[in-house]
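J.: Sharing a structure, written as structure tokens. Questions coming.
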Amino acid sequence: QVHLTESGGGSVAPGGSLTLSCAAPGYMNPNSCISWFRQVPGNEREWVAGIYVGGPGLMYGDAVKGRSTISQDIAKNMVFLQMTDLKPEDTGLYYCAAALGCTRRWWLVLLRRDEFQYWGQGTPVTVSS
């Protein structure tokens, strides 16, 4: 059962920008955490960025820090990941995921894949010239 829905992926040249969207109805609660992960075939799913809905608290992985912005629109049940200066190594299938009950340790939960109970099906991002 799909709980979240990603969109906004596509093909872009190096240096370009994309904004990914995550529709998360029912998960935009003050005690929720939403994170973005990405995966390429043969590799483990990598944490990209996350947001603690009740803060908000924001965190970014080293690979995208300074090039990405995560944000939320609670009224619309949406989380966004704006990515700029995209590089070929940013290519992958991007997933958003939700974890409930993260308030007391959101800074730990956000980056741990095994903390997230609910996932989308992913949106593909390809960065190439």
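Identifiers in this document derive from the order of the structure tokens: chains are assigned A, B, ..., residues are numbered from 1 separately in each chain, and ligands are numbered from 1 in order of occurrence.
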Sorted by chain and rising residue number, list the residues of range 26-80 of chain A at most 7 Å from range 85-105 of chain A (counting only C-alpha atoms), each with its closest atom pair and distance in Å to one decimal, as a tab-separated table.
T.:
```
residue	atom	partner	partner_atom	distance
A:Tyr27	CA	A:Ala98	CA	6.7
A:Asn31	CA	A:Gly101	CA	5.0
A:Ser32	CA	A:Leu100	CA	4.6
A:Cys33	CA	A:Ala99	CA	5.1
A:Ile34	CA	A:Ala98	CA	4.6
A:Ser35	CA	A:Ala97	CA	5.4
A:Trp36	CA	A:Cys96	CA	4.4
A:Phe37	CA	A:Tyr95	CA	5.1
A:Arg38	CA	A:Tyr94	CA	4.3
A:Gln39	CA	A:Gly92	CA	5.2
A:Val40	CA	A:Gly92	CA	4.8
A:Arg67	CA	A:Asp85	CA	6.4
```
J.: Could you write those residues out with N, CA and C atoms, as a PDB file, in the first residue's frame?
T.:
```pdb
ATOM      1  N   TYR A  27       0.170  12.462   7.328  1.00  0.00           N
ATOM      2  CA  TYR A  27       1.485  12.342   7.964  1.00  0.00           C
ATOM      3  C   TYR A  27       2.093  13.678   8.353  1.00  0.00           C
ATOM      4  N   ASN A  31       4.140  15.475  15.400  1.00  0.00           N
ATOM      5  CA  ASN A  31       5.071  14.452  15.885  1.00  0.00           C
ATOM      6  C   ASN A  31       5.659  13.608  14.757  1.00  0.00           C
ATOM      7  N   SER A  32       5.582  14.119  13.531  1.00  0.00           N
ATOM      8  CA  SER A  32       6.048  13.355  12.371  1.00  0.00           C
ATOM      9  C   SER A  32       7.377  13.876  11.844  1.00  0.00           C
ATOM     10  N   CYS A  33       8.102  12.960  11.234  1.00  0.00           N
ATOM     11  CA  CYS A  33       9.299  13.290  10.484  1.00  0.00           C
ATOM     12  C   CYS A  33       9.121  12.812   9.047  1.00  0.00           C
ATOM     13  N   ILE A  34       9.543  13.625   8.118  1.00  0.00           N
ATOM     14  CA  ILE A  34       9.518  13.270   6.703  1.00  0.00           C
ATOM     15  C   ILE A  34      10.935  13.408   6.166  1.00  0.00           C
ATOM     16  N   SER A  35      11.423  12.383   5.500  1.00  0.00           N
ATOM     17  CA  SER A  35      12.751  12.436   4.907  1.00  0.00           C
ATOM     18  C   SER A  35      12.712  12.046   3.445  1.00  0.00           C
ATOM     19  N   TRP A  36      13.714  12.522   2.737  1.00  0.00           N
ATOM     20  CA  TRP A  36      13.963  12.114   1.365  1.00  0.00           C
ATOM     21  C   TRP A  36      15.177  11.175   1.352  1.00  0.00           C
ATOM     22  N   PHE A  37      15.048  10.109   0.592  1.00  0.00           N
ATOM     23  CA  PHE A  37      16.131   9.169   0.353  1.00  0.00           C
ATOM     24  C   PHE A  37      16.292   9.006  -1.157  1.00  0.00           C
ATOM     25  N   ARG A  38      17.428   8.503  -1.561  1.00  0.00           N
ATOM     26  CA  ARG A  38      17.613   8.213  -2.975  1.00  0.00           C
ATOM     27  C   ARG A  38      18.369   6.908  -3.131  1.00  0.00           C
ATOM     28  N   GLN A  39      18.177   6.289  -4.272  1.00  0.00           N
ATOM     29  CA  GLN A  39      18.807   4.987  -4.502  1.00  0.00           C
ATOM     30  C   GLN A  39      19.124   4.822  -5.974  1.00  0.00           C
ATOM     31  N   VAL A  40      20.292   4.270  -6.241  1.00  0.00           N
ATOM     32  CA  VAL A  40      20.650   3.841  -7.594  1.00  0.00           C
ATOM     33  C   VAL A  40      20.794   2.331  -7.561  1.00  0.00           C
ATOM     34  N   ARG A  67      23.223  22.795  -1.471  1.00  0.00           N
ATOM     35  CA  ARG A  67      22.618  22.769  -2.808  1.00  0.00           C
ATOM     36  C   ARG A  67      21.133  22.454  -2.766  1.00  0.00           C
TER      37      ARG A  67
END
```
J.: So which residues touch Ser129 in chain A within 9 Å, counting only C-alpha atoms, skipping near sequence neighbours fewer than 5 positions away, as a ChimeraX atom specification?
T.: /A:12-14,88
J.: For Gly55 in chain A, which residue among A:Asn29, A:Gln121, A:Thr126, A:Thr19 is the nearest when counting only C-alpha atoms?
T.: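 Smallest distance to Gly55 in chain A is found for A:Asn29.
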J.: Output as a VMD selection string all residues of chain A that backbone DSSP marks as strand (DSSP E).
T.: chain A and resid 5 to 7 10 to 12 18 to 23 32 to 39 46 to 52 57 to 60 68 to 73 78 to 83 92 to 100 118 to 119 123 to 127
J.: Counting only C-alpha atoms, figure out which residue out of A:Leu111, A:Leu4, A:Leu20, A:Val127 gets nearest to Ile70 in chain A.
T.: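 Of all the options, A:Leu20 lies closest to Ile70 in chain A.
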J.: Skip range 74-79 of chain A itself and residues of its chain fewer than 4 positions away, then list as an mmCIF file with N, CA, C and O atoms, in the first residue's frame all residues within 6 Å of it, counting only C-alpha atoms.
T.:
```cif
data_model
loop_
_atom_site.group_PDB
_atom_site.id
_atom_site.type_symbol
_atom_site.label_atom_id
_atom_site.label_comp_id
_atom_site.auth_asym_id
_atom_site.auth_seq_id
_atom_site.Cartn_x
_atom_site.Cartn_y
_atom_site.Cartn_z
ATOM 1 N N SER A 21 8.369 16.976 -5.079
ATOM 2 C CA SER A 21 7.238 17.145 -4.175
ATOM 3 C C SER A 21 6.834 15.807 -3.584
ATOM 4 O O SER A 21 6.919 14.776 -4.263
ATOM 5 N N CYS A 22 6.391 15.856 -2.354
ATOM 6 C CA CYS A 22 5.924 14.653 -1.656
ATOM 7 C C CYS A 22 4.550 14.961 -1.072
ATOM 8 O O CYS A 22 4.439 15.822 -0.192
ATOM 9 N N ALA A 23 3.537 14.291 -1.558
ATOM 10 C CA ALA A 23 2.199 14.416 -0.992
ATOM 11 C C ALA A 23 2.088 13.428 0.157
ATOM 12 O O ALA A 23 2.253 12.215 -0.050
ATOM 13 N N ALA A 24 1.837 13.935 1.353
ATOM 14 C CA ALA A 24 1.849 13.098 2.549
ATOM 15 C C ALA A 24 0.593 13.314 3.389
ATOM 16 O O ALA A 24 0.700 13.693 4.566
ATOM 17 N N PRO A 25 -0.564 13.097 2.830
ATOM 18 C CA PRO A 25 -1.790 13.301 3.613
ATOM 19 C C PRO A 25 -1.841 12.343 4.793
ATOM 20 O O PRO A 25 -1.613 11.148 4.647
ATOM 21 N N MET A 28 1.397 14.770 8.057
ATOM 22 C CA MET A 28 1.935 16.090 8.387
ATOM 23 C C MET A 28 1.470 16.501 9.779
ATOM 24 O O MET A 28 0.798 17.510 9.975
#
```
